[in-house]
>>> print(open('data-v8.txt').read())   # compact mmCIF, C-alpha atoms
# COMPACT_ATOMS: atom_id res chain seq x y z
CA MET A 1378 203.98 158.90 158.91
CA THR A 1379 203.31 155.60 160.58
CA GLU A 1380 206.05 153.04 160.40
CA VAL A 1381 205.41 150.16 158.04
CA GLY A 1382 207.02 146.87 158.90
CA LEU A 1383 208.66 144.31 156.69
CA THR A 1384 205.67 141.99 156.44
CA PRO A 1385 203.44 144.14 154.15
CA PHE A 1386 206.24 144.35 151.61
CA LEU A 1387 206.74 140.60 151.73
CA ILE A 1388 203.02 140.07 151.25
CA LEU A 1389 203.01 142.46 148.29
CA GLY A 1390 205.95 140.57 146.82
CA ALA A 1391 204.08 137.31 147.32
CA PHE A 1392 201.02 138.76 145.60
CA LEU A 1393 203.05 139.95 142.64
CA PHE A 1394 204.74 136.56 142.44
CA ALA A 1395 201.42 134.72 142.51
CA CYS A 1396 200.07 137.04 139.81
CA GLY A 1397 203.14 136.37 137.70
CA VAL A 1398 202.89 132.61 138.07
CA THR A 1399 199.20 132.70 137.23
CA CYS A 1400 199.96 134.87 134.21
CA VAL A 1401 202.65 132.49 132.96
CA THR A 1402 200.44 129.45 133.35
CA VAL A 1403 197.20 130.90 132.04
CA LYS A 1404 198.11 133.12 129.10
CA ARG A 1405 198.19 131.66 125.65
CA ASN A 1406 199.89 134.66 124.11
CA ALA A 1407 203.68 134.45 124.22
CA VAL A 1408 203.98 138.16 124.96
CA GLY A 1409 201.59 137.65 127.89
CA VAL A 1410 203.80 134.90 129.26
CA LEU A 1411 206.70 137.31 128.98
CA MET A 1412 204.81 139.90 131.02
CA GLY A 1413 204.25 137.27 133.69
CA VAL A 1414 207.98 136.67 133.89
CA GLU A 1415 208.48 140.41 134.32
CA LEU A 1416 206.02 140.35 137.20
CA ILE A 1417 207.88 137.50 138.89
CA LEU A 1418 211.20 139.33 138.63
CA ASN A 1419 209.59 142.44 140.04
CA ALA A 1420 208.30 140.46 143.01
CA ALA A 1421 211.82 139.25 143.74
CA ASN A 1422 213.06 142.81 143.46
CA VAL A 1423 210.50 144.13 145.91
CA ASN A 1424 211.63 141.52 148.42
CA LEU A 1425 215.30 142.39 147.90
CA VAL A 1426 214.82 146.10 148.39
CA ALA A 1427 212.57 145.56 151.40
CA PHE A 1428 215.14 143.32 153.07
CA ALA A 1429 217.83 145.85 152.27
CA ARG A 1430 215.78 148.50 154.02
CA PHE A 1431 214.94 146.53 157.12
CA ASN A 1432 218.18 144.67 157.74
CA PRO A 1433 221.09 146.97 158.46
CA ALA A 1434 223.70 144.41 157.47
CA PHE A 1435 222.41 144.15 153.92
CA ARG A 1436 221.88 147.79 153.10
CA LEU A 1437 224.16 147.78 150.08
CA ASP A 1438 223.79 144.17 148.99
CA GLY A 1439 220.05 144.29 148.52
CA GLN A 1440 220.15 147.27 146.21
CA VAL A 1441 223.08 145.89 144.24
CA PHE A 1442 221.26 142.64 143.65
CA ALA A 1443 218.07 144.51 142.78
CA LEU A 1444 219.92 146.49 140.12
CA MET A 1445 221.41 143.33 138.69
CA VAL A 1446 218.00 141.70 138.55
CA VAL A 1447 216.68 144.74 136.68
CA VAL A 1448 219.48 144.51 134.11
CA LEU A 1449 219.04 140.76 133.69
CA ALA A 1450 215.29 141.22 133.27
CA ALA A 1451 215.90 143.73 130.50
CA ALA A 1452 218.27 141.32 128.77
CA GLU A 1453 215.83 138.45 129.12
CA ALA A 1454 212.99 140.54 127.72
CA ALA A 1455 215.08 141.49 124.70
CA VAL A 1456 216.05 137.91 123.90
CA ALA A 1457 212.58 136.52 124.50
CA LEU A 1458 210.95 139.16 122.33
CA ALA A 1459 213.46 138.45 119.58
CA ILE A 1460 212.56 134.76 119.75
CA VAL A 1461 208.85 135.56 119.74
CA LEU A 1462 209.21 137.82 116.71
CA ASN A 1463 211.25 135.18 114.92
CA PHE A 1464 208.60 132.60 115.68
CA TYR A 1465 205.88 134.96 114.51
CA ASN A 1466 207.71 135.51 111.25
CA ASN A 1467 207.93 131.78 110.70
CA HIS A 1468 204.51 130.66 111.84
CA ALA A 1469 202.28 133.78 111.88
CA THR A 1470 201.02 132.99 115.38
CA VAL A 1471 202.03 133.78 118.94
CA ASP A 1472 200.01 131.04 120.59
CA VAL A 1473 202.27 129.06 122.89
CA ASP A 1474 200.11 125.98 122.49
CA GLU A 1475 200.88 125.93 118.79
CA ALA A 1476 204.61 126.27 119.30
CA LYS A 1477 206.11 122.91 118.54
CA ASP A 1478 209.13 123.75 116.45
CA LEU A 1479 211.17 126.87 115.96
CA LYS A 1480 211.87 126.29 112.29
CA GLU A 1481 209.42 125.30 109.71
CA MET B 193 197.90 143.91 138.85
CA GLY B 194 195.08 143.21 136.53
CA VAL B 195 197.65 141.91 134.06
CA VAL B 196 196.25 138.47 134.67
CA ALA B 197 192.62 139.40 134.31
CA SER B 198 192.54 141.23 131.02
CA ARG B 199 192.48 139.17 127.89
CA ASN B 200 193.52 141.87 125.48
CA VAL B 201 197.29 142.08 125.09
CA VAL B 202 197.34 145.87 124.78
CA ARG B 203 195.41 146.24 128.02
CA MET B 204 197.81 143.82 129.67
CA ALA B 205 200.71 146.03 128.60
CA VAL B 206 199.04 149.10 130.09
CA TRP B 207 198.38 147.29 133.37
CA LEU B 208 202.00 146.17 133.42
CA LEU B 209 203.06 149.79 132.95
CA PHE B 210 201.04 150.87 135.98
CA THR B 211 202.39 147.98 138.05
CA LEU B 212 205.98 148.81 137.20
CA ILE B 213 205.50 152.49 138.02
CA GLY B 214 203.93 151.50 141.33
CA VAL B 215 206.84 149.22 142.19
CA SER B 216 209.33 151.98 141.43
CA LEU B 217 207.38 154.39 143.63
CA LEU B 218 207.61 151.72 146.32
CA TYR B 219 211.38 151.77 145.98
CA PHE B 220 211.38 155.51 146.48
CA LEU B 221 209.24 154.96 149.55
CA LEU B 222 211.71 152.41 150.86
CA GLY B 223 214.55 154.88 150.56
CA ALA B 224 216.21 153.21 147.58
CA GLU B 225 216.24 156.16 145.24
CA PHE B 226 218.76 154.81 142.79
CA ALA B 227 217.01 151.47 142.43
CA GLY B 228 213.72 153.28 141.91
CA ALA B 229 215.18 155.54 139.24
CA ALA B 230 216.84 152.60 137.52
CA GLN B 231 213.57 150.71 137.61
CA LEU B 232 211.78 153.66 136.02
CA ILE B 233 214.39 154.10 133.30
CA VAL B 234 215.10 150.49 132.44
CA TYR B 235 211.66 148.99 132.82
CA VAL B 236 209.29 151.77 131.87
CA GLY B 237 211.63 153.28 129.33
CA GLY B 238 213.23 150.20 127.88
CA THR B 239 211.54 146.94 128.57
CA LEU B 240 208.00 148.19 128.24
CA VAL B 241 208.79 149.86 124.93
CA LEU B 242 210.16 146.52 123.74
CA VAL B 243 207.01 144.77 124.94
CA VAL B 244 204.78 147.30 123.24
CA PHE B 245 206.72 146.88 120.01
CA GLY B 246 206.30 143.13 120.34
CA VAL B 247 202.58 143.58 120.87
CA MET B 248 202.26 145.90 117.90
CA LEU B 249 204.24 143.61 115.62
CA THR B 250 202.40 140.45 116.57
CA ALA B 251 198.89 141.53 117.45
CA HIS B 252 196.33 141.78 114.77
CA GLY B 253 193.05 140.18 114.10
CA PRO B 254 192.19 136.99 115.92
CA LEU B 255 195.54 136.77 117.66
CA ARG B 256 194.85 139.74 119.87
CA GLU B 257 192.42 137.85 122.05
CA LEU B 258 193.42 134.29 122.61
CA ARG B 259 190.95 132.62 124.89
CA THR B 260 192.02 130.44 127.74
CA LYS B 261 190.18 127.27 128.52
CA LYS B 262 188.20 126.96 131.74
CA GLY B 263 190.36 124.14 133.04
CA GLU B 264 193.53 126.11 132.43
CA TRP B 265 192.10 129.03 134.38
CA LEU B 266 191.26 126.62 137.19
CA VAL B 267 194.71 125.06 137.33
CA GLY B 268 196.56 128.34 136.98
CA GLY B 269 194.41 130.13 139.52
CA ALA B 270 194.75 127.28 141.98
CA LEU B 271 198.52 127.24 141.53
CA GLY B 272 198.77 130.99 141.99
CA GLY B 273 196.49 130.96 145.03
CA ALA B 274 198.39 128.12 146.65
CA LEU B 275 201.73 129.84 146.11
CA PHE B 276 200.34 133.11 147.46
CA ALA B 277 198.98 131.39 150.58
CA LEU B 278 202.29 129.60 151.16
CA LEU B 279 204.35 132.76 150.80
CA VAL B 280 202.02 134.78 153.02
CA ALA B 281 202.18 132.10 155.69
CA VAL B 282 205.97 132.07 155.58
CA SER B 283 206.30 135.82 155.65
CA LEU B 284 203.85 136.10 158.54
CA GLN B 285 205.92 133.58 160.47
CA LEU B 286 209.10 135.44 159.71
CA GLY B 287 208.44 138.25 162.09
CA SER B 288 209.55 141.77 161.55
CA PRO B 289 213.13 142.67 162.37
CA ALA B 290 213.90 145.78 164.28
CA THR B 291 212.57 148.84 162.57
CA PRO B 292 215.41 150.85 161.13
CA SER B 293 216.48 153.93 162.96
CA GLU B 294 216.97 157.15 161.13
CA SER B 295 220.72 157.01 161.61
CA ASP B 296 221.33 153.98 159.41
CA ALA B 297 219.62 155.21 156.31
CA LEU B 298 220.12 153.47 153.03
CA PRO B 299 223.27 154.23 151.10
CA GLY B 300 222.99 156.92 148.52
CA THR B 301 223.96 156.87 144.90
CA GLY B 302 227.60 157.66 145.57
CA GLN B 303 228.10 154.72 147.87
CA LEU B 304 226.41 152.42 145.38
CA GLY B 305 228.64 153.65 142.58
CA LEU B 306 231.75 153.18 144.71
CA ALA B 307 230.67 149.63 145.49
CA PHE B 308 230.26 148.95 141.78
CA LEU B 309 233.72 150.36 141.15
CA GLY B 310 235.25 147.84 143.51
CA VAL B 311 235.68 149.94 146.63
CA PRO B 312 234.68 147.82 149.61
CA ASP B 313 231.73 148.93 151.66
CA THR B 314 233.05 151.52 154.03
CA ALA B 315 229.94 151.87 156.12
CA PRO B 316 230.04 150.52 159.66
CA GLU B 317 228.81 146.99 159.55
CA GLY B 318 225.73 146.14 161.46
CA PRO B 319 224.94 142.72 162.81
CA ILE B 320 222.55 140.60 160.84
CA THR B 321 219.18 140.74 162.52
CA GLY B 322 216.41 138.23 162.33
CA VAL B 323 218.53 135.08 162.77
CA PRO B 324 219.34 133.24 166.00
CA ALA B 325 222.09 134.91 167.95
CA GLU B 326 224.61 132.08 167.79
CA LYS B 327 224.41 132.04 164.01
CA ALA B 328 224.66 135.78 163.61
CA THR B 329 228.01 136.42 162.03
CA ARG B 330 229.28 139.73 160.87
CA ARG B 331 229.16 139.87 157.16
CA THR B 332 232.37 140.37 155.33
CA ARG B 333 233.07 143.42 153.31
CA ALA B 334 232.28 142.87 149.69
CA SER B 335 232.91 144.75 146.52
CA TYR B 336 230.98 144.35 143.34
CA LEU B 337 233.42 145.10 140.54
CA LEU B 338 233.42 141.59 139.07
CA PRO B 339 229.61 141.14 139.07
CA PHE B 340 229.29 144.58 137.50
CA GLU B 341 231.63 143.65 134.69
CA ILE B 342 229.96 140.28 134.19
CA VAL B 343 226.53 141.88 134.00
CA SER B 344 227.66 144.53 131.55
CA VAL B 345 229.33 142.03 129.21
CA HIS B 346 226.29 139.79 129.53
CA LEU B 347 224.01 142.64 128.54
CA LEU B 348 226.16 143.40 125.50
CA VAL B 349 226.22 139.77 124.38
CA VAL B 350 222.49 139.42 124.89
CA LEU B 351 221.65 142.55 122.93
CA ILE B 352 223.83 141.49 120.02
CA GLY B 353 222.20 138.06 120.13
CA ALA B 354 218.74 139.58 120.17
CA ALA B 355 219.53 141.77 117.19
CA TYR B 356 220.88 138.73 115.38
CA LEU B 357 217.78 136.69 116.17
CA ALA B 358 215.30 139.36 115.19
CA ARG B 359 217.02 140.47 112.02
CA ALA B 360 215.05 140.65 108.84
CA LYS B 361 215.61 137.47 106.95
CA ARG B 362 216.01 137.14 103.26
CA ARG B 363 214.16 134.24 101.77
CA VAL B 364 216.54 131.68 100.35
CA ASN B 365 214.14 130.21 97.82
CA PRO B 366 211.26 132.56 97.13
>>> encode(input="data-v8.txt", output="structure tokens")
Amino acid sequence: MTEVGLTPFLILGAFLFACGVTCVTVKRNAVGVLMGVELILNAANVNLVAFARFNPAFRLDGQVFALMVVVLAAAEAAVALAIVLNFYNNHATVDVDEAKDLKE
Amino acid sequence: MGVVASRNVVRMAVWLLFTLIGVSLLYFLLGAEFAGAAQLIVYVGGTLVLVVFGVMLTAHGPLRELRTKKGEWLVGGALGGALFALLVAVSLQLGSPATPSESDALPGTGQLGLAFLGVPDTAPEGPITGVPAEKATRRTRASYLLPFEIVSVHLLVVLIGAAYLARAKRRVNP
């Protein structure tokens, strides 16, 4: 197997991050915006694990931080989906452009 | 990675599933087995199920395909492209550190668990590569008991809060 350097992983992380930012800015569906946030967190995670692999001083730290990011992403998704469902119950829409107030 | 391109929410969820599985396979490839497994379990098993439930509960009729305006596509695409170009430029400048030898493989699951239990990292410490030599300090030994506890309590609080937010409401004045 040929050795892959650090740079391709960083570029992949950058691509995922750009996709996530584009998703957050472009989507009008609140669940779509949430998926964009997931993509951004994944990009950060790819970078963390890649640095942990290629830098011998950070072998443990990178993975620990990656695991924490995964847990925090799960928590964030739960809360955001709860808010979206609440909003949908109140307003019967998930369009973020229509979202002006949380209570009717 | 076609999450951005597809307009249908259900298709976006499926693309996100494939992306997450690919990222976890990448972790396995990088030698981080535990992070890969945790990614598979938490994301694909937990978060994506939540997202799919959200899609199913909110998507019907005209809401499933919300169109984006041309100008928004332009601004968003330009922003994403600019960020991508910036990050690629930076990461190309960064230069690759020394390729890892086989001897310093990534820590396994046991070492990770010990670190979370508060045992300091017992592995021999390597110097930090990729920075100028006069700034290269040895990193101190760290243990992760306190962050672990904070994250676990945070997860508990957040899940209770989410259940409270998403509870079925009774109408006060029907």
>>> interface_residues(input="data-v8.txt", of="chain A", to="chain B", cutoff="7 Å", atoms="all atoms listed in the file", output="number ranges by chain")
A: 1382-1384, 1387-1388, 1391-1392, 1395-1396, 1398-1400, 1402-1406, 1408-1409, 1427, 1430-1434, 1436-1437, 1440, 1444, 1447, 1451-1452, 1454-1456, 1458-1460, 1462-1463, 1465
>>> residues_near_point(input="data-v8.txt", point="(210.9, 139.6, 135.4)", cutoff="9 Å", atoms="all atoms listed in the file", output="number ranges by chain")
A: 1397, 1411-1422, 1446-1447, 1449-1451, 1453-1454
>>> atom_distance(input="data-v8.txt", atom1="atom CA of Asn1424 of chain A", atom2="atom CA of Gly1390 of chain A")
6.0 Å
>>> atom_distance(input="data-v8.txt", atom1="atom CA of Ile342 of chain B", atom2="atom CA of Met1445 of chain A")
10.1 Å
>>> atom_distance(input="data-v8.txt", atom1="atom CA of Val241 of chain B", atom2="atom CA of Asn1467 of chain A")
23.0 Å
>>> closest_residue(input="data-v8.txt", among="A:Ala1407, A:Val1448, A:Leu1425, A:Leu1389", to="Gly214 of chain B", atoms="only C-alpha atoms")
A:Leu1389
